[in-house]
$ cat run-v3.cif   # mmCIF, C-alpha atoms
data_work
loop_
_atom_site.label_atom_id
_atom_site.label_comp_id
_atom_site.auth_asym_id
_atom_site.auth_seq_id
_atom_site.Cartn_x
_atom_site.Cartn_y
_atom_site.Cartn_z
CA MET A 1 127.32 81.95 118.28
CA ALA A 2 124.76 84.62 117.44
CA THR A 3 123.59 87.09 120.09
CA LEU A 4 120.06 88.29 120.73
CA PHE A 5 119.84 91.76 122.22
CA HIS A 6 116.49 91.89 124.02
CA HIS A 7 114.63 93.32 126.97
CA PRO A 8 112.82 90.95 129.38
CA LEU A 9 109.50 92.79 129.26
CA CYS A 10 109.55 93.84 125.60
CA PRO A 11 106.81 91.79 123.87
CA PHE A 12 108.66 91.87 120.54
CA SER A 13 111.80 90.46 122.19
CA ARG A 14 109.66 87.80 123.89
CA LYS A 15 108.17 86.75 120.56
CA ILE A 16 111.67 86.11 119.17
CA ARG A 17 112.80 84.33 122.35
CA LEU A 18 109.78 82.00 122.05
CA MET A 19 110.54 81.38 118.36
CA LEU A 20 114.19 80.57 119.12
CA GLY A 21 113.04 78.13 121.81
CA GLU A 22 110.51 76.40 119.56
CA LYS A 23 113.01 76.11 116.73
CA LYS A 24 115.78 74.98 119.10
CA PHE A 25 118.22 77.57 117.81
CA SER A 26 120.94 78.38 120.38
CA VAL A 27 122.01 82.00 120.82
CA ASP A 28 123.55 84.11 123.57
CA TYR A 29 121.12 86.49 125.24
CA VAL A 30 122.13 90.04 126.17
CA GLU A 31 119.75 92.32 128.04
CA GLU A 32 119.55 95.75 126.45
CA ARG A 33 117.84 98.82 127.93
CA PRO A 34 116.90 100.63 124.74
CA TRP A 35 116.04 103.89 126.55
CA GLU A 36 119.73 104.25 127.55
CA ARG A 37 120.55 104.70 123.84
CA ARG A 38 123.91 102.93 124.03
CA LEU A 39 125.96 104.00 121.03
CA ASP A 40 127.19 100.50 120.10
CA PHE A 41 123.59 99.34 120.07
CA LEU A 42 122.43 102.28 117.94
CA MET A 43 125.06 101.28 115.42
CA LEU A 44 123.45 97.83 115.23
CA ASN A 45 119.94 99.26 114.92
CA PRO A 46 119.50 102.95 114.07
CA SER A 47 115.90 102.87 115.34
CA GLY A 48 117.29 101.98 118.77
CA GLU A 49 114.74 99.23 119.35
CA VAL A 50 115.05 95.65 120.57
CA PRO A 51 115.22 92.87 119.50
CA VAL A 52 118.38 92.68 117.38
CA LEU A 53 119.99 89.39 116.33
CA GLU A 54 123.71 89.75 115.67
CA GLY A 55 125.69 87.02 113.94
CA GLU A 56 129.16 86.79 112.45
CA SER A 57 128.10 88.05 109.03
CA GLY A 58 125.94 90.95 110.26
CA ALA A 59 122.91 91.95 112.28
CA ILE A 60 119.14 91.64 111.76
CA ALA A 61 117.29 94.50 113.40
CA GLY A 62 113.67 94.36 114.46
CA HIS A 63 111.12 91.67 115.28
CA TYR A 64 109.55 91.52 111.79
CA PRO A 65 112.76 90.76 109.82
CA ILE A 66 114.04 88.42 112.56
CA ALA A 67 110.75 86.46 112.73
CA GLU A 68 110.50 86.02 108.96
CA TRP A 69 114.20 85.12 108.73
CA LEU A 70 113.93 82.48 111.46
CA GLU A 71 110.89 80.96 109.76
CA GLU A 72 112.75 80.87 106.44
CA LYS A 73 115.65 79.10 108.20
CA GLY A 74 113.31 76.32 109.34
CA GLY A 75 114.38 74.83 112.67
CA ALA A 76 112.69 72.22 114.86
CA THR A 77 109.10 73.57 114.71
CA PRO A 78 107.49 75.16 111.63
CA LEU A 79 105.53 78.15 112.90
CA MET A 80 103.60 79.13 109.73
CA PRO A 81 101.40 77.13 107.34
CA SER A 82 103.33 76.58 104.12
CA GLY A 83 101.20 78.83 101.94
CA GLY A 84 97.90 80.22 100.82
CA LEU A 85 95.25 82.04 102.78
CA GLU A 86 96.08 80.22 106.03
CA ARG A 87 99.54 81.75 105.98
CA ALA A 88 97.97 85.18 105.35
CA GLU A 89 95.49 84.66 108.19
CA LEU A 90 98.35 83.85 110.56
CA ARG A 91 100.14 87.05 109.56
CA ARG A 92 96.90 89.02 110.08
CA ILE A 93 96.76 87.81 113.69
CA VAL A 94 100.47 88.51 114.19
CA ALA A 95 99.91 92.11 113.03
CA TRP A 96 96.79 92.36 115.22
CA PHE A 97 98.92 91.87 118.33
CA ASP A 98 102.12 93.59 117.20
CA ASP A 99 100.30 96.71 115.97
CA LYS A 100 96.78 97.01 117.35
CA PHE A 101 97.06 95.24 120.72
CA HIS A 102 100.40 96.89 121.45
CA LYS A 103 99.09 100.36 120.62
CA GLU A 104 95.74 100.02 122.40
CA VAL A 105 96.79 97.96 125.42
CA GLY A 106 100.37 96.79 125.94
CA GLN A 107 102.18 100.04 125.33
CA LEU A 108 99.85 101.97 127.63
CA ILE A 109 100.23 99.56 130.55
CA THR A 110 103.85 98.39 130.19
CA TYR A 111 105.24 101.81 129.34
CA GLU A 112 103.58 103.37 132.37
CA LYS A 113 104.28 100.56 134.83
CA ILE A 114 107.72 99.36 133.72
CA ASP A 115 109.56 101.57 131.25
CA ARG A 116 108.90 104.88 133.03
CA ARG A 117 110.13 103.36 136.29
CA PHE A 118 113.59 102.90 134.80
CA MET A 119 113.78 106.05 132.68
CA ARG A 120 115.37 109.28 133.86
CA LYS A 121 112.95 112.03 134.79
CA GLU A 122 114.13 114.27 131.92
CA ASN A 123 113.32 111.46 129.44
CA GLY A 124 109.79 110.95 130.76
CA GLY A 125 110.51 108.73 133.77
CA GLY A 126 108.31 108.81 136.87
CA THR A 127 105.32 107.16 138.54
CA PRO A 128 102.65 105.57 136.32
CA ASP A 129 99.81 107.73 135.02
CA ILE A 130 96.78 105.92 136.44
CA GLU A 131 94.36 107.18 133.79
CA THR A 132 96.54 105.83 130.94
CA VAL A 133 96.77 102.44 132.67
CA ARG A 134 92.99 102.45 133.11
CA VAL A 135 92.42 103.03 129.37
CA GLY A 136 94.78 100.15 128.58
CA ILE A 137 92.96 97.79 130.96
CA SER A 138 89.60 98.80 129.51
CA ASN A 139 90.86 98.11 125.96
CA LEU A 140 92.32 94.79 127.13
CA LYS A 141 88.79 93.45 127.68
CA ILE A 142 87.92 93.96 124.01
CA HIS A 143 91.02 92.04 122.95
CA MET A 144 90.34 89.21 125.42
CA GLU A 145 86.85 88.97 123.91
CA TYR A 146 88.37 88.74 120.44
CA ILE A 147 90.80 86.01 121.54
CA SER A 148 87.87 84.11 123.08
CA TYR A 149 85.82 84.54 119.89
CA LEU A 150 88.66 83.09 117.77
CA LEU A 151 89.23 80.18 120.18
CA GLU A 152 85.56 79.23 120.11
CA GLN A 153 86.07 78.36 116.43
CA ARG A 154 89.67 77.21 116.33
CA ASP A 155 92.15 75.15 118.38
CA TRP A 156 94.81 77.82 117.96
CA LEU A 157 94.52 81.53 117.17
CA ALA A 158 95.16 81.32 113.43
CA GLY A 159 93.56 77.93 112.73
CA SER A 160 94.06 74.25 113.47
CA GLN A 161 97.85 74.47 113.87
CA PHE A 162 99.93 75.96 116.67
CA GLY A 163 102.22 78.69 115.37
CA LEU A 164 103.55 82.21 115.30
CA ALA A 165 100.14 83.81 115.92
CA ASP A 166 99.94 82.03 119.27
CA LEU A 167 103.52 82.91 120.22
CA THR A 168 103.00 86.56 119.27
CA ALA A 169 99.77 86.88 121.26
CA ALA A 170 101.30 85.06 124.22
CA ALA A 171 104.39 87.27 124.11
CA HIS A 172 102.23 90.39 124.42
CA LEU A 173 99.89 88.93 127.04
CA SER A 174 102.77 87.57 129.12
CA CYS A 175 104.08 91.10 129.75
CA LEU A 176 100.71 92.07 131.21
CA ASP A 177 100.60 88.82 133.15
CA TYR A 178 103.94 89.76 134.72
CA THR A 179 102.38 92.95 136.10
CA GLY A 180 99.24 91.04 137.17
CA ASP A 181 96.85 92.86 134.83
CA ILE A 182 95.05 89.85 133.31
CA TYR A 183 92.11 88.50 135.30
CA TRP A 184 92.18 84.95 133.93
CA GLN A 185 89.15 83.85 135.94
CA ASP A 186 87.01 85.99 133.59
CA TRP A 187 88.36 84.32 130.44
CA ALA A 188 88.05 80.54 130.66
CA ILE A 189 88.72 79.61 127.03
CA ALA A 190 91.65 82.03 126.69
CA ARG A 191 93.03 80.76 130.00
CA GLU A 192 93.00 77.15 128.77
CA TRP A 193 94.81 78.22 125.58
CA TYR A 194 97.38 80.25 127.53
CA ALA A 195 97.96 77.32 129.91
CA ARG A 196 98.83 75.12 126.91
CA LEU A 197 101.39 77.69 125.77
CA LYS A 198 102.78 78.37 129.22
CA SER A 199 103.61 74.69 129.71
CA ARG A 200 105.75 74.52 126.55
CA PRO A 201 109.53 74.37 127.14
CA SER A 202 110.00 77.51 124.99
CA PHE A 203 108.11 79.48 127.66
CA ARG A 204 110.40 78.59 130.57
CA PRO A 205 112.99 81.34 130.06
CA LEU A 206 110.18 83.94 130.09
CA LEU A 207 108.82 82.60 133.36
CA ALA A 208 112.30 82.91 134.87
CA ASP A 209 112.45 86.66 134.13
CA ASN A 210 112.61 88.76 137.25
CA ILE A 211 113.20 92.48 137.07
CA ALA A 212 115.09 93.93 140.03
CA GLY A 213 112.76 95.96 142.23
CA MET A 214 109.69 94.78 140.33
CA PRO A 215 109.00 91.07 140.92
CA PRO A 216 106.28 89.37 138.87
CA ALA A 217 102.70 88.87 140.06
CA THR A 218 102.38 85.81 142.32
CA HIS A 219 100.64 83.59 139.72
CA TYR A 220 103.06 84.56 136.90
CA THR A 221 105.26 81.47 137.15
CA ASN A 222 102.43 79.12 138.14
CA LEU A 223 101.47 76.66 135.39
CA ASP A 224 98.11 76.08 137.11
CA PHE A 225 97.00 79.72 137.44
CA MET B 1 88.80 89.02 89.62
CA ALA B 2 90.08 89.91 93.09
CA THR B 3 89.17 93.26 94.66
CA LEU B 4 91.43 95.61 96.60
CA PHE B 5 89.64 97.73 99.18
CA HIS B 6 91.83 100.76 99.70
CA HIS B 7 91.85 104.46 100.48
CA PRO B 8 93.65 106.85 98.10
CA LEU B 9 95.69 108.57 100.82
CA CYS B 10 96.35 105.56 103.02
CA PRO B 11 100.10 104.81 102.72
CA PHE B 12 99.55 101.10 103.40
CA SER B 13 96.99 100.90 100.59
CA ARG B 14 99.40 102.77 98.31
CA LYS B 15 102.17 100.28 99.06
CA ILE B 16 99.94 97.43 97.91
CA ARG B 17 98.76 99.35 94.83
CA LEU B 18 102.40 99.91 93.85
CA MET B 19 103.20 96.23 94.38
CA LEU B 20 100.22 95.15 92.26
CA GLY B 21 101.40 97.51 89.52
CA GLU B 22 105.00 96.28 89.60
CA LYS B 23 103.91 92.64 89.56
CA LYS B 24 101.31 93.29 86.84
CA PHE B 25 98.53 91.65 88.82
CA SER B 26 95.07 92.89 87.75
CA VAL B 27 92.47 93.55 90.43
CA ASP B 28 89.40 95.72 90.83
CA TYR B 29 89.88 98.73 93.05
CA VAL B 30 87.20 99.83 95.51
CA GLU B 31 87.63 102.96 97.60
CA GLU B 32 86.81 102.37 101.26
CA ARG B 33 86.46 105.04 103.93
CA PRO B 34 87.48 103.02 106.98
CA TRP B 35 86.22 105.64 109.45
CA GLU B 36 82.64 105.00 108.26
CA ARG B 37 82.94 101.48 109.75
CA ARG B 38 80.80 99.83 107.06
CA LEU B 39 79.56 96.52 108.43
CA ASP B 40 80.32 94.47 105.30
CA PHE B 41 83.87 95.77 105.43
CA LEU B 42 84.25 95.01 109.14
CA MET B 43 83.26 91.44 108.34
CA LEU B 44 86.16 91.27 105.88
CA ASN B 45 88.61 92.80 108.35
CA PRO B 46 87.64 92.99 112.05
CA SER B 47 90.32 95.65 112.65
CA GLY B 48 88.44 97.89 110.19
CA GLU B 49 91.63 98.92 108.38
CA VAL B 50 92.52 99.14 104.70
CA PRO B 51 93.92 97.55 102.59
CA VAL B 52 92.00 94.29 102.20
CA LEU B 53 92.40 92.00 99.19
CA GLU B 54 89.32 89.87 98.56
CA GLY B 55 89.36 86.94 96.16
CA GLU B 56 87.01 84.07 95.38
CA SER B 57 88.45 81.79 98.06
CA GLY B 58 88.64 84.39 100.84
CA ALA B 59 90.11 87.70 101.95
CA ILE B 60 93.58 88.80 103.05
CA ALA B 61 93.39 91.62 105.56
CA GLY B 62 96.18 94.09 106.20
CA HIS B 63 99.22 95.36 104.34
CA TYR B 64 101.72 92.96 105.95
CA PRO B 65 99.97 89.69 105.00
CA ILE B 66 99.04 91.05 101.56
CA ALA B 67 102.60 92.24 100.81
CA GLU B 68 104.20 88.94 101.85
CA TRP B 69 101.54 86.94 99.99
CA LEU B 70 102.04 88.93 96.77
CA GLU B 71 105.80 88.44 97.02
CA GLU B 72 105.31 84.70 97.54
CA LYS B 73 103.09 84.63 94.43
CA GLY B 74 105.89 86.07 92.33
CA GLY B 75 104.60 88.23 89.49
CA ALA B 76 106.45 90.34 86.93
CA THR B 77 108.93 92.04 89.31
CA PRO B 78 110.60 90.36 92.32
CA LEU B 79 110.56 92.94 95.09
CA MET B 80 112.76 91.20 97.69
CA PRO B 81 116.23 89.63 97.50
CA SER B 82 115.84 85.88 97.57
CA GLY B 83 117.39 85.32 100.99
CA GLY B 84 119.93 86.07 103.67
CA LEU B 85 120.75 89.30 105.39
CA GLU B 86 119.81 91.41 102.36
CA ARG B 87 116.23 90.20 102.63
CA ALA B 88 116.28 91.01 106.37
CA GLU B 89 117.70 94.48 105.66
CA LEU B 90 114.89 95.15 103.19
CA ARG B 91 112.31 94.15 105.81
CA ARG B 92 114.02 96.41 108.37
CA ILE B 93 113.53 99.40 106.06
CA VAL B 94 109.92 98.37 105.33
CA ALA B 95 109.21 98.34 109.08
CA TRP B 96 111.04 101.65 109.49
CA PHE B 97 108.48 103.36 107.27
CA ASP B 98 105.38 101.35 108.18
CA ASP B 99 105.97 101.70 111.94
CA LYS B 100 108.37 104.48 112.79
CA PHE B 101 107.83 106.95 109.96
CA HIS B 102 104.07 106.48 110.09
CA LYS B 103 103.94 107.05 113.86
CA GLU B 104 106.36 109.98 113.96
CA VAL B 105 105.41 111.76 110.73
CA GLY B 106 102.72 110.42 108.41
CA GLN B 107 99.98 109.76 110.91
CA LEU B 108 100.38 113.19 112.51
CA ILE B 109 100.20 115.10 109.22
CA THR B 110 97.76 112.99 107.17
CA TYR B 111 95.39 112.32 110.05
CA GLU B 112 95.14 116.03 110.84
CA LYS B 113 95.01 117.30 107.26
CA ILE B 114 92.95 114.60 105.53
CA ASP B 115 91.21 112.09 107.79
CA ARG B 116 89.79 114.62 110.26
CA ARG B 117 88.39 116.62 107.38
CA PHE B 118 86.13 113.73 106.41
CA MET B 119 85.27 112.43 109.87
CA ARG B 120 82.16 113.43 111.78
CA LYS B 121 82.72 115.86 114.61
CA GLU B 122 81.65 113.29 117.23
CA ASN B 123 84.32 110.91 115.92
CA GLY B 124 87.12 113.48 116.11
CA GLY B 125 86.51 115.36 112.85
CA GLY B 126 87.38 119.04 112.51
CA THR B 127 90.08 121.46 111.42
CA PRO B 128 93.74 120.35 111.66
CA ASP B 129 95.60 120.87 114.92
CA ILE B 130 98.51 123.05 113.76
CA GLU B 131 100.84 122.04 116.60
CA THR B 132 100.48 118.32 115.75
CA VAL B 133 101.20 119.04 112.08
CA ARG B 134 104.25 121.06 113.12
CA VAL B 135 105.66 118.15 115.15
CA GLY B 136 105.16 115.84 112.16
CA ILE B 137 106.96 118.23 109.82
CA SER B 138 109.83 118.63 112.28
CA ASN B 139 110.19 114.81 112.54
CA LEU B 140 110.02 114.54 108.76
CA LYS B 141 113.40 116.29 108.49
CA ILE B 142 115.07 113.54 110.54
CA HIS B 143 113.62 110.88 108.26
CA MET B 144 114.63 112.76 105.09
CA GLU B 145 118.16 112.90 106.52
CA TYR B 146 118.08 109.13 107.09
CA ILE B 147 116.86 108.50 103.53
CA SER B 148 119.67 110.73 102.24
CA TYR B 149 122.22 108.90 104.41
CA LEU B 150 121.13 105.53 103.00
CA LEU B 151 121.13 106.79 99.41
CA GLU B 152 124.67 108.14 99.76
CA GLN B 153 125.79 104.50 100.15
CA ARG B 154 123.25 102.62 98.04
CA ASP B 155 121.43 102.93 94.72
CA TRP B 156 118.15 101.95 96.36
CA LEU B 157 117.05 102.15 99.99
CA ALA B 158 117.78 98.53 100.95
CA GLY B 159 120.79 97.91 98.72
CA SER B 160 121.75 97.62 95.08
CA GLN B 161 118.33 96.37 93.93
CA PHE B 162 115.03 98.24 93.57
CA GLY B 163 112.33 96.64 95.72
CA LEU B 164 109.71 96.73 98.42
CA ALA B 165 111.69 99.07 100.68
CA ASP B 166 111.58 101.74 97.96
CA LEU B 167 107.88 101.20 97.28
CA THR B 168 107.04 101.34 100.99
CA ALA B 169 108.99 104.54 101.58
CA ALA B 170 107.56 106.12 98.42
CA ALA B 171 104.02 105.15 99.43
CA HIS B 172 104.40 106.98 102.73
CA LEU B 173 106.18 109.99 101.25
CA SER B 174 103.69 110.31 98.39
CA CYS B 175 100.85 111.01 100.86
CA LEU B 176 102.82 113.95 102.25
CA ASP B 177 103.71 115.04 98.73
CA TYR B 178 99.98 115.16 97.95
CA THR B 179 99.48 117.69 100.75
CA GLY B 180 102.62 119.60 99.66
CA ASP B 181 104.59 118.94 102.87
CA ILE B 182 107.89 117.78 101.33
CA TYR B 183 110.34 120.51 100.36
CA TRP B 184 112.23 118.56 97.73
CA GLN B 185 114.64 121.41 96.97
CA ASP B 186 116.26 120.71 100.37
CA TRP B 187 116.83 117.01 99.63
CA ALA B 188 118.68 116.58 96.30
CA ILE B 189 119.65 112.92 96.58
CA ALA B 190 116.23 111.85 97.90
CA ARG B 191 114.58 113.88 95.16
CA GLU B 192 116.57 112.09 92.44
CA TRP B 193 115.58 108.71 93.97
CA TYR B 194 111.91 109.74 94.25
CA ALA B 195 111.93 110.97 90.63
CA ARG B 196 113.09 107.51 89.50
CA LEU B 197 110.17 105.93 91.36
CA LYS B 198 107.63 108.51 90.27
CA SER B 199 108.36 107.81 86.59
CA ARG B 200 107.63 104.08 86.92
CA PRO B 201 104.31 102.94 85.39
CA SER B 202 103.22 101.50 88.78
CA PHE B 203 103.14 105.05 90.14
CA ARG B 204 100.67 106.44 87.57
CA PRO B 205 97.46 105.44 89.37
CA LEU B 206 98.69 107.21 92.52
CA LEU B 207 99.40 110.39 90.59
CA ALA B 208 95.83 110.27 89.22
CA ASP B 209 94.32 110.33 92.74
CA ASN B 210 92.30 113.44 93.40
CA ILE B 211 90.26 113.77 96.56
CA ALA B 212 87.09 115.85 96.17
CA GLY B 213 87.48 119.20 97.90
CA MET B 214 91.17 118.61 98.51
CA PRO B 215 93.18 118.68 95.25
CA PRO B 216 96.88 117.71 95.38
CA ALA B 217 99.74 120.21 95.63
CA THR B 218 100.61 121.67 92.22
CA HIS B 219 103.87 119.71 91.76
CA TYR B 220 102.30 116.39 92.87
CA THR B 221 101.72 115.02 89.37
CA ASN B 222 104.80 116.61 87.86
CA LEU B 223 107.55 114.13 86.98
CA ASP B 224 110.07 116.98 86.91
CA PHE B 225 109.33 118.49 90.32
#

$ encode --input "run-v3.cif" --output "structure tokens"
Amino acid sequence: MATLFHHPLCPFSRKIRLMLGEKKFSVDYVEERPWERRLDFLMLNPSGEVPVLEGESGAIAGHYPIAEWLEEKGGATPLMPSGGLERAELRRIVAWFDDKFHKEVGQLITYEKIDRRFMRKENGGGTPDIETVRVGISNLKIHMEYISYLLEQRDWLAGSQFGLADLTAAAHLSCLDYTGDIYWQDWAIAREWYARLKSRPSFRPLLADNIAGMPPATHYTNLDF
Amino acid sequence: MATLFHHPLCPFSRKIRLMLGEKKFSVDYVEERPWERRLDFLMLNPSGEVPVLEGESGAIAGHYPIAEWLEEKGGATPLMPSGGLERAELRRIVAWFDDKFHKEVGQLITYEKIDRRFMRKENGGGTPDIETVRVGISNLKIHMEYISYLLEQRDWLAGSQFGLADLTAAAHLSCLDYTGDIYWQDWAIAREWYARLKSRPSFRPLLADNIAGMPPATHYTNLDF
């Protein structure tokens, strides 16, 4: 059986875990702490980043090649429109969250609140920088507005069909939901969309994540939040 | 005819220009200065980033959806292996340059040397920060070593076939070559690989780029550099 090397609060790992769940592909899951720079893991992925999917014939390193490969394989749920501009629009939204949201919001908050907690002091570990977290939370509002804007016109983020855009956005948001940084009461339409995703079976393993010494926010596992 | 909105020294725009050249797809080219935040352009791409490919039936925004869409369309030159782990390995290298190289090298050097030169002072414009450029140049060495390591084992960056990994890497490197920041004499094997790319017809439009007030380094257009 193939093995997914992932970290519970890495949004890119979560995206792949959600995809594997939707497609009903079975793999073993191994938690990797990329900041420890384990040599065996660096040999699988020279960039040292999760996720990595290792099978008998070799490894696929990084969320972008894994996601496209899984979609090409098929599985139980197609997660992209079959072609044309709708497929391009889905990939635009995927990149929005993987690049822009992560840079402007997720990285600032998660890195400060989670990663630095587990890193050694000489590698940048320590208590969160409050000002960095504040910038991330301020930027988060702009992205929640954009999600709301899209959902006023569409059932799902990239159009009329559920798919990889929704899973990608939910993967990123779910990390911030773990730390209690999303004020859902301010975002009714986004909240309804997220509730639909959260109740899918593919989401259950994410809701079971619990990092030692840093339990999730109280509403994190609640389907009626 | 479709229109590509691009910026001459944006590596992501260059990647798409190279792809269009290889595939022999004809489009009109319009130079966009994304930092001016032109409203018509923001309506094409809410993230405000180049490249954007606009056709009669709609627009495709961002290098990732455009690149995958062009590859799905086919064209004169296939730029990805047709499947399996080789296709995943190619996408790993593409992400290496688009994410890691850009963050650790390209963005630091090009943003300081080019973008800030054209931006208004209130938006961050000004003279380059030498320390930031120095960090970028120091990181560049690590990436040139990685390119050399790959090319010691392979004819092209992702394997035995020329493709999108080579075009992506060359697009990023060519921006730094414009500003004269690559010391090719130190990197024999990478230089031989880059010379092969530079002599391809798809590369010619890039070599013709000339930014007003900031001409390219003297060897930039030279095929025997």

$ atom_distance --input "run-v3.cif" --atom1 "atom CA of A:Pro34" --atom2 "atom CA of A:Asn139"
26.2 Å

$ interface_residues --input "run-v3.cif" --of "chain A" --to "chain B" --cutoff "7 Å" --atoms "all atoms listed in the file" --output "JSON, numbers by chain"
{"A": [60, 61, 62, 65, 69, 85, 88, 89, 91, 92]}

$ resolve_selection --input "run-v3.cif" --expression "the PyMOL selection byres ((chain B and resi 3) around 7)" --output "list in words"
Met1, Ala2, Leu4, Phe5, Val27, Asp28, Tyr29, Val30, Leu53, Glu54 and Gly55 of chain B

$ atom_distance --input "run-v3.cif" --atom1 "atom CA of A:Trp156" --atom2 "atom CA of A:Cys175"
20.0 Å

$ closest_residue --input "run-v3.cif" --among "A:Ala165, A:Ile147, A:Ala188, A:Ala171" --to "A:Ser13" --atoms "only C-alpha atoms"
A:Ala171

$ residues_around --input "run-v3.cif" --residues "A:Thr221" --least-positions-apart "4" --cutoff "10 Å" --atoms "only C-alpha atoms" --output "list of chain:residue names"
A:Asp177, A:Tyr178, A:Lys198, A:Arg204, A:Leu206, A:Leu207, A:Ala208, A:Asp209, A:Pro216, A:Ala217, A:Phe225

$ write_last_selection --input "run-v3.cif" --atoms "C-alpha atoms" --output "short mmCIF file (atom, residue, chain, number, x, y, z; two decimals), in the frame of the given file"
data_model
loop_
_atom_site.label_atom_id
_atom_site.label_comp_id
_atom_site.auth_asym_id
_atom_site.auth_seq_id
_atom_site.Cartn_x
_atom_site.Cartn_y
_atom_site.Cartn_z
CA ASP A 177 100.60 88.82 133.15
CA TYR A 178 103.94 89.76 134.72
CA LYS A 198 102.78 78.37 129.22
CA ARG A 204 110.40 78.59 130.57
CA LEU A 206 110.18 83.94 130.09
CA LEU A 207 108.82 82.60 133.36
CA ALA A 208 112.30 82.91 134.87
CA ASP A 209 112.45 86.66 134.13
CA PRO A 216 106.28 89.37 138.87
CA ALA A 217 102.70 88.87 140.06
CA PHE A 225 97.00 79.72 137.44
#

$ residues_around --input "run-v3.cif" --residues "A:Arg117" --least-positions-apart "6" --cutoff "12 Å" --atoms "all atoms listed in the file" --output "VMD selection string"
chain A and resid 35 110 to 111 123 to 129 211 to 214

$ residues_around --input "run-v3.cif" --residues "B:Phe162" --least-positions-apart "5" --cutoff "9 Å" --atoms "all atoms listed in the file" --output "ChimeraX atom specification"
/B:79-80,155-157,167

$ resolve_selection --input "run-v3.cif" --expression "the PyMOL selection byres ((chain B and resi 14) around 10)" --output "list in words"
His6, His7, Pro8, Leu9, Cys10, Pro11, Phe12, Ser13, Lys15, Ile16, Arg17, Leu18, Met19, Leu20, Pro51, His63, Leu167, Thr168, Ala170, Ala171, His172, Ser174, Cys175, Phe203, Pro205 and Leu206 of chain B

$ write_last_selection --input "run-v3.cif" --atoms "C-alpha atoms" --output "PDB file, in the frame of the given file"
ATOM      1  CA  HIS B   6      91.830 100.760  99.700  1.00  0.00           C
ATOM      2  CA  HIS B   7      91.850 104.460 100.480  1.00  0.00           C
ATOM      3  CA  PRO B   8      93.650 106.850  98.100  1.00  0.00           C
ATOM      4  CA  LEU B   9      95.690 108.570 100.820  1.00  0.00           C
ATOM      5  CA  CYS B  10      96.350 105.560 103.020  1.00  0.00           C
ATOM      6  CA  PRO B  11     100.100 104.810 102.720  1.00  0.00           C
ATOM      7  CA  PHE B  12      99.550 101.100 103.400  1.00  0.00           C
ATOM      8  CA  SER B  13      96.990 100.900 100.590  1.00  0.00           C
ATOM      9  CA  LYS B  15     102.170 100.280  99.060  1.00  0.00           C
ATOM     10  CA  ILE B  16      99.940  97.430  97.910  1.00  0.00           C
ATOM     11  CA  ARG B  17      98.760  99.350  94.830  1.00  0.00           C
ATOM     12  CA  LEU B  18     102.400  99.910  93.850  1.00  0.00           C
ATOM     13  CA  MET B  19     103.200  96.230  94.380  1.00  0.00           C
ATOM     14  CA  LEU B  20     100.220  95.150  92.260  1.00  0.00           C
ATOM     15  CA  PRO B  51      93.920  97.550 102.590  1.00  0.00           C
ATOM     16  CA  HIS B  63      99.220  95.360 104.340  1.00  0.00           C
ATOM     17  CA  LEU B 167     107.880 101.200  97.280  1.00  0.00           C
ATOM     18  CA  THR B 168     107.040 101.340 100.990  1.00  0.00           C
ATOM     19  CA  ALA B 170     107.560 106.120  98.420  1.00  0.00           C
ATOM     20  CA  ALA B 171     104.020 105.150  99.430  1.00  0.00           C
ATOM     21  CA  HIS B 172     104.400 106.980 102.730  1.00  0.00           C
ATOM     22  CA  SER B 174     103.690 110.310  98.390  1.00  0.00           C
ATOM     23  CA  CYS B 175     100.850 111.010 100.860  1.00  0.00           C
ATOM     24  CA  PHE B 203     103.140 105.050  90.140  1.00  0.00           C
ATOM     25  CA  PRO B 205      97.460 105.440  89.370  1.00  0.00           C
ATOM     26  CA  LEU B 206      98.690 107.210  92.520  1.00  0.00           C
TER      27      LEU B 206
END

$ atom_distance --input "run-v3.cif" --atom1 "atom CA of A:Leu151" --atom2 "atom CA of A:His219"
22.9 Å

$ closest_residue --input "run-v3.cif" --among "A:Ile142, A:Leu223, A:Leu39, A:Ile130" --to "A:Glu192" --atoms "all atoms listed in the file"
A:Leu223

$ closest_residue --input "run-v3.cif" --among "A:Asp181, A:Glu152, A:Glu22, A:Glu49" --to "A:Gly75" --atoms "all atoms listed in the file"
A:Glu22

$ residues_around --input "run-v3.cif" --residues "A:Thr132" --least-positions-apart "3" --cutoff "9 Å" --atoms "all atoms listed in the file" --output "PDB file with C-alpha atoms, in the coordinates of the input"
ATOM      1  CA  LEU A 108      99.850 101.970 127.630  1.00  0.00           C
ATOM      2  CA  ILE A 109     100.230  99.560 130.550  1.00  0.00           C
ATOM      3  CA  GLU A 112     103.580 103.370 132.370  1.00  0.00           C
ATOM      4  CA  PRO A 128     102.650 105.570 136.320  1.00  0.00           C
ATOM      5  CA  ASP A 129      99.810 107.730 135.020  1.00  0.00           C
ATOM      6  CA  VAL A 135      92.420 103.030 129.370  1.00  0.00           C
ATOM      7  CA  GLY A 136      94.780 100.150 128.580  1.00  0.00           C
ATOM      8  CA  ILE A 137      92.960  97.790 130.960  1.00  0.00           C
TER       9      ILE A 137
END
